[in-house]
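Visitor: Dumping the structure here so I can ask a few things about it.
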Amino acid sequence: MKPITAYRVLTFDCYGTLIDWESGIWDAFQPVLRRAGRDDITRSVALEAFAQTESACQAETPGKLYPELLTEVHRRMALRFDLQTDAELDRAFGGSVPYWPAFPDSADALRVLKHHYQLVILSNVNRDGFASSNARLGVDFDAIYTAQDVGSYKPDPANFDYMLEHLERDLRVQAGDVLHTAQSLFHDHVPARCAGLACAWIDRQGLENSDNWGATAKVPERPRVDYVFPTLQAMATAVTAG
């Protein structure tokens, strides 16, 4: 394992790593719950349903833009929980990404990391969706690659193939210079490891020592990662310490 400061580029997942998508998802699901007067559906139950439904929709319709995909996710989740929804509620959920909050440490940690690395995004949302979130993150990324650019969603290997091809072309960076930094084992660390990348796990859910998968689908075997940090700020502190 190389020292963490030996890499040139950090490639980031955004949602779950930099943006608190679980809080955003849960907040956006409140209108349909409120309409039904349901208080028996907990946050953890809703997030588990989201994880299963989102991954299924992404596999079925890889070319669908993320707001449209989220719209369908909401419709299916309402059906799953026997909730009365309509097109307006579905679309509101689909358009909720710009309102999802950043984690409190994201902007400050990114500014620190920017002094040590080039920063790159590989995200499962569309370009406009990420642009809205980017305004919360406090730095300019050196490259941004989205599912809209690739035409598929992580964990499809095509997303990492696309990123590595464009990193070599755009930034003259090879895979050995890249440290992929993400929360999701399912979306990111399994395919990143298959692509030959070193990995830093931002384990915001404490999954390393629990079974709290949150809004991410489970994987049958947890991949090996090179570094584990509970927050992005912890990673930035480790990098600064050298």
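Chain labels run A, B, ... following the order of the structure tokens; each chain numbers its residues from 1, and ligands are numbered from 1 in the order shown.
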List every residue of segment 6-241 of chain A that DSSP, applied to the backbone of this structure, places in alpha helix (DSSP H), and write the result as a ChimeraX atom specification.
Guide: /A:21-28,30-36,43-60,66-80,87-94,106-114,127-134,147-150,157-171,190-194,232-241
Visitor: Would you save the residues from that selection as an mmCIF file, in the first residue's frame, using C-alpha atoms?
Guide:
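As written to disk, part23.cif reads:
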data_model
loop_
_atom_site.group_PDB
_atom_site.id
_atom_site.type_symbol
_atom_site.label_atom_id
_atom_site.label_comp_id
_atom_site.auth_asym_id
_atom_site.auth_seq_id
_atom_site.Cartn_x
_atom_site.Cartn_y
_atom_site.Cartn_z
ATOM 1 C CA TRP A 21 -28.196 11.797 0.145
ATOM 2 C CA GLU A 22 -29.826 9.686 2.864
ATOM 3 C CA SER A 23 -31.170 12.784 4.615
ATOM 4 C CA GLY A 24 -32.151 14.208 1.223
ATOM 5 C CA ILE A 25 -33.981 11.036 0.225
ATOM 6 C CA TRP A 26 -35.774 10.751 3.548
ATOM 7 C CA ASP A 27 -36.835 14.406 3.488
ATOM 8 C CA ALA A 28 -38.108 14.080 -0.085
ATOM 9 C CA GLN A 30 -42.070 12.872 3.571
ATOM 10 C CA PRO A 31 -44.896 14.306 1.416
ATOM 11 C CA VAL A 32 -46.222 10.897 0.367
ATOM 12 C CA LEU A 33 -45.927 9.606 3.941
ATOM 13 C CA ARG A 34 -47.700 12.684 5.281
ATOM 14 C CA ARG A 35 -50.502 12.286 2.750
ATOM 15 C CA ALA A 36 -51.030 8.711 3.929
ATOM 16 C CA ARG A 43 -36.100 6.040 7.918
ATOM 17 C CA SER A 44 -34.082 2.820 7.881
ATOM 18 C CA VAL A 45 -36.918 0.864 6.251
ATOM 19 C CA ALA A 46 -37.444 3.556 3.604
ATOM 20 C CA LEU A 47 -33.721 3.788 2.815
ATOM 21 C CA GLU A 48 -33.425 0.021 2.427
ATOM 22 C CA ALA A 49 -36.362 0.085 0.007
ATOM 23 C CA PHE A 50 -34.740 2.949 -1.873
ATOM 24 C CA ALA A 51 -31.468 1.027 -2.201
ATOM 25 C CA GLN A 52 -33.199 -1.980 -3.707
ATOM 26 C CA THR A 53 -35.473 0.048 -5.973
ATOM 27 C CA GLU A 54 -32.852 2.476 -7.245
ATOM 28 C CA SER A 55 -30.362 -0.248 -8.149
ATOM 29 C CA ALA A 56 -33.085 -2.176 -10.006
ATOM 30 C CA CYS A 57 -34.165 0.916 -11.971
ATOM 31 C CA GLN A 58 -30.581 1.786 -12.863
ATOM 32 C CA ALA A 59 -29.956 -1.713 -14.189
ATOM 33 C CA GLU A 60 -33.225 -1.702 -16.172
ATOM 34 C CA TYR A 66 -31.359 10.617 -12.925
ATOM 35 C CA PRO A 67 -34.349 12.901 -12.207
ATOM 36 C CA GLU A 68 -36.512 10.676 -14.402
ATOM 37 C CA LEU A 69 -35.111 7.591 -12.738
ATOM 38 C CA LEU A 70 -35.823 8.990 -9.263
ATOM 39 C CA THR A 71 -39.356 9.757 -10.374
ATOM 40 C CA GLU A 72 -39.848 6.071 -11.169
ATOM 41 C CA VAL A 73 -38.140 5.047 -7.923
ATOM 42 C CA HIS A 74 -40.672 7.099 -5.975
ATOM 43 C CA ARG A 75 -43.587 5.554 -7.858
ATOM 44 C CA ARG A 76 -42.326 2.049 -7.108
ATOM 45 C CA MET A 77 -41.588 2.793 -3.474
ATOM 46 C CA ALA A 78 -45.098 4.163 -2.996
ATOM 47 C CA LEU A 79 -46.493 0.996 -4.547
ATOM 48 C CA ARG A 80 -44.272 -1.159 -2.349
ATOM 49 C CA ALA A 87 -47.395 12.278 -10.963
ATOM 50 C CA GLU A 88 -46.764 15.542 -9.095
ATOM 51 C CA LEU A 89 -45.381 13.815 -6.002
ATOM 52 C CA ASP A 90 -43.295 11.459 -8.118
ATOM 53 C CA ARG A 91 -41.788 14.359 -10.085
ATOM 54 C CA ALA A 92 -41.083 16.340 -6.904
ATOM 55 C CA PHE A 93 -39.070 13.428 -5.544
ATOM 56 C CA GLY A 94 -37.316 13.125 -8.895
ATOM 57 C CA SER A 106 -17.332 18.196 2.986
ATOM 58 C CA ALA A 107 -16.484 21.740 1.894
ATOM 59 C CA ASP A 108 -13.687 22.319 4.420
ATOM 60 C CA ALA A 109 -12.144 18.884 3.810
ATOM 61 C CA LEU A 110 -12.254 19.306 0.036
ATOM 62 C CA ARG A 111 -10.453 22.639 0.289
ATOM 63 C CA VAL A 112 -7.681 20.946 2.270
ATOM 64 C CA LEU A 113 -7.437 18.028 -0.154
ATOM 65 C CA LYS A 114 -7.332 20.418 -3.120
ATOM 66 C CA ARG A 127 -24.849 17.065 -15.169
ATOM 67 C CA ASP A 128 -27.464 19.585 -13.991
ATOM 68 C CA GLY A 129 -28.064 17.643 -10.795
ATOM 69 C CA PHE A 130 -24.399 17.623 -9.903
ATOM 70 C CA ALA A 131 -24.028 21.303 -10.794
ATOM 71 C CA SER A 132 -26.621 22.116 -8.134
ATOM 72 C CA SER A 133 -24.784 20.037 -5.546
ATOM 73 C CA ASN A 134 -21.401 21.390 -6.583
ATOM 74 C CA ALA A 147 -23.864 8.843 -15.610
ATOM 75 C CA GLN A 148 -25.347 11.109 -18.255
ATOM 76 C CA ASP A 149 -21.945 11.267 -19.969
ATOM 77 C CA VAL A 150 -21.368 7.519 -19.771
ATOM 78 C CA PRO A 157 -17.782 -1.216 -15.165
ATOM 79 C CA ALA A 158 -18.345 1.108 -18.132
ATOM 80 C CA ASN A 159 -18.409 4.078 -15.764
ATOM 81 C CA PHE A 160 -14.921 3.376 -14.461
ATOM 82 C CA ASP A 161 -13.635 2.539 -17.942
ATOM 83 C CA TYR A 162 -14.961 5.899 -19.143
ATOM 84 C CA MET A 163 -13.392 7.751 -16.228
ATOM 85 C CA LEU A 164 -9.959 6.157 -16.644
ATOM 86 C CA GLU A 165 -9.970 6.745 -20.387
ATOM 87 C CA HIS A 166 -10.848 10.407 -19.910
ATOM 88 C CA LEU A 167 -8.432 10.922 -17.025
ATOM 89 C CA GLU A 168 -5.610 9.790 -19.280
ATOM 90 C CA ARG A 169 -6.801 12.060 -22.070
ATOM 91 C CA ASP A 170 -7.848 15.080 -20.016
ATOM 92 C CA LEU A 171 -5.349 15.117 -17.141
ATOM 93 C CA VAL A 190 -16.457 -3.202 -5.869
ATOM 94 C CA PRO A 191 -16.166 -1.848 -9.446
ATOM 95 C CA ALA A 192 -13.217 0.419 -8.566
ATOM 96 C CA ARG A 193 -11.286 -2.553 -7.254
ATOM 97 C CA CYS A 194 -12.145 -4.507 -10.417
ATOM 98 C CA LEU A 232 -13.869 13.114 4.853
ATOM 99 C CA GLN A 233 -12.412 15.426 7.481
ATOM 100 C CA ALA A 234 -10.596 12.453 9.006
ATOM 101 C CA MET A 235 -9.096 11.712 5.600
ATOM 102 C CA ALA A 236 -8.020 15.330 5.140
ATOM 103 C CA THR A 237 -6.386 15.281 8.577
ATOM 104 C CA ALA A 238 -4.474 12.108 7.689
ATOM 105 C CA VAL A 239 -3.299 13.635 4.418
ATOM 106 C CA THR A 240 -2.139 16.822 6.130
ATOM 107 C CA ALA A 241 -0.250 14.766 8.703
#
Visitor: Between A:Ile4, A:Cys199, A:Gly16, A:Gln84, which one has atoms that come closest to Ala215 of chain A, using only C-alpha atoms?
Guide: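 That would be A:Gly16, the residue with the smallest distance to Ala215 of chain A.
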Visitor: Select, from A:Asp226, A:Asp40, A:Thr216, A:Ala182, the residue with the minimum atom-to-atom distance to Gly196 of chain A, counting only C-alpha atoms.
Guide: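 For Gly196 of chain A, the nearest of the candidates is A:Asp226.
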Visitor: Any idea what's packed within 12 Å of Val228 of chain A, counting only C-alpha atoms, ignoring anything in its chain fewer than 5 positions away? Could you give it as a VMD selection string?
Guide: chain A and resid 4 180 to 183 185 189 198 to 209 234 to 235 238
Visitor: Keeping C-alpha atoms, export the residues of the selection given above as an mmCIF file, in the first residue's frame.
Guide:
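Wrote selection_20.cif, looks like this:
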data_model
loop_
_atom_site.group_PDB
_atom_site.id
_atom_site.type_symbol
_atom_site.label_atom_id
_atom_site.label_comp_id
_atom_site.auth_asym_id
_atom_site.auth_seq_id
_atom_site.Cartn_x
_atom_site.Cartn_y
_atom_site.Cartn_z
ATOM 1 C CA ILE A 4 -1.834 8.244 0.923
ATOM 2 C CA HIS A 180 -10.952 6.404 -5.565
ATOM 3 C CA THR A 181 -12.718 7.930 -2.571
ATOM 4 C CA ALA A 182 -16.283 6.886 -1.819
ATOM 5 C CA GLN A 183 -18.813 5.660 0.712
ATOM 6 C CA LEU A 185 -19.216 -0.481 -1.469
ATOM 7 C CA HIS A 189 -15.537 0.108 -4.227
ATOM 8 C CA ALA A 198 -6.708 1.972 -4.952
ATOM 9 C CA CYS A 199 -9.640 2.819 -2.686
ATOM 10 C CA ALA A 200 -10.331 5.057 0.298
ATOM 11 C CA TRP A 201 -13.572 4.164 2.052
ATOM 12 C CA ILE A 202 -15.396 7.081 3.687
ATOM 13 C CA ASP A 203 -17.454 4.905 6.017
ATOM 14 C CA ARG A 204 -19.992 7.472 7.169
ATOM 15 C CA GLN A 205 -22.468 4.752 8.188
ATOM 16 C CA GLY A 206 -20.015 2.848 10.387
ATOM 17 C CA LEU A 207 -20.621 -0.168 8.158
ATOM 18 C CA GLU A 208 -17.155 -1.578 8.812
ATOM 19 C CA ASN A 209 -18.361 -2.683 12.236
ATOM 20 C CA ALA A 234 -10.596 12.453 9.006
ATOM 21 C CA MET A 235 -9.096 11.712 5.600
ATOM 22 C CA ALA A 238 -4.474 12.108 7.689
#
Visitor: Quick one: DSSP strand (DSSP E) residues in segment 142-213 of chain A, as a ChimeraX atom specification?
Guide: /A:143-146,178-182,198-202
Visitor: Excluding same-chain residues fewer than 4 positions from Ile144 of chain A, what lies within 7 Å of it counting only C-alpha atoms, as a VMD selection string?
Guide: chain A and resid 120 to 122
Visitor: Please, what distance in Å, to one decimal, runs between atom CA of Tyr7 of chain A and atom CA of Pro101 of chain A?
Guide: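 Straight-line distance from atom CA of Tyr7 of chain A to atom CA of Pro101 of chain A works out to 28.6 Å.
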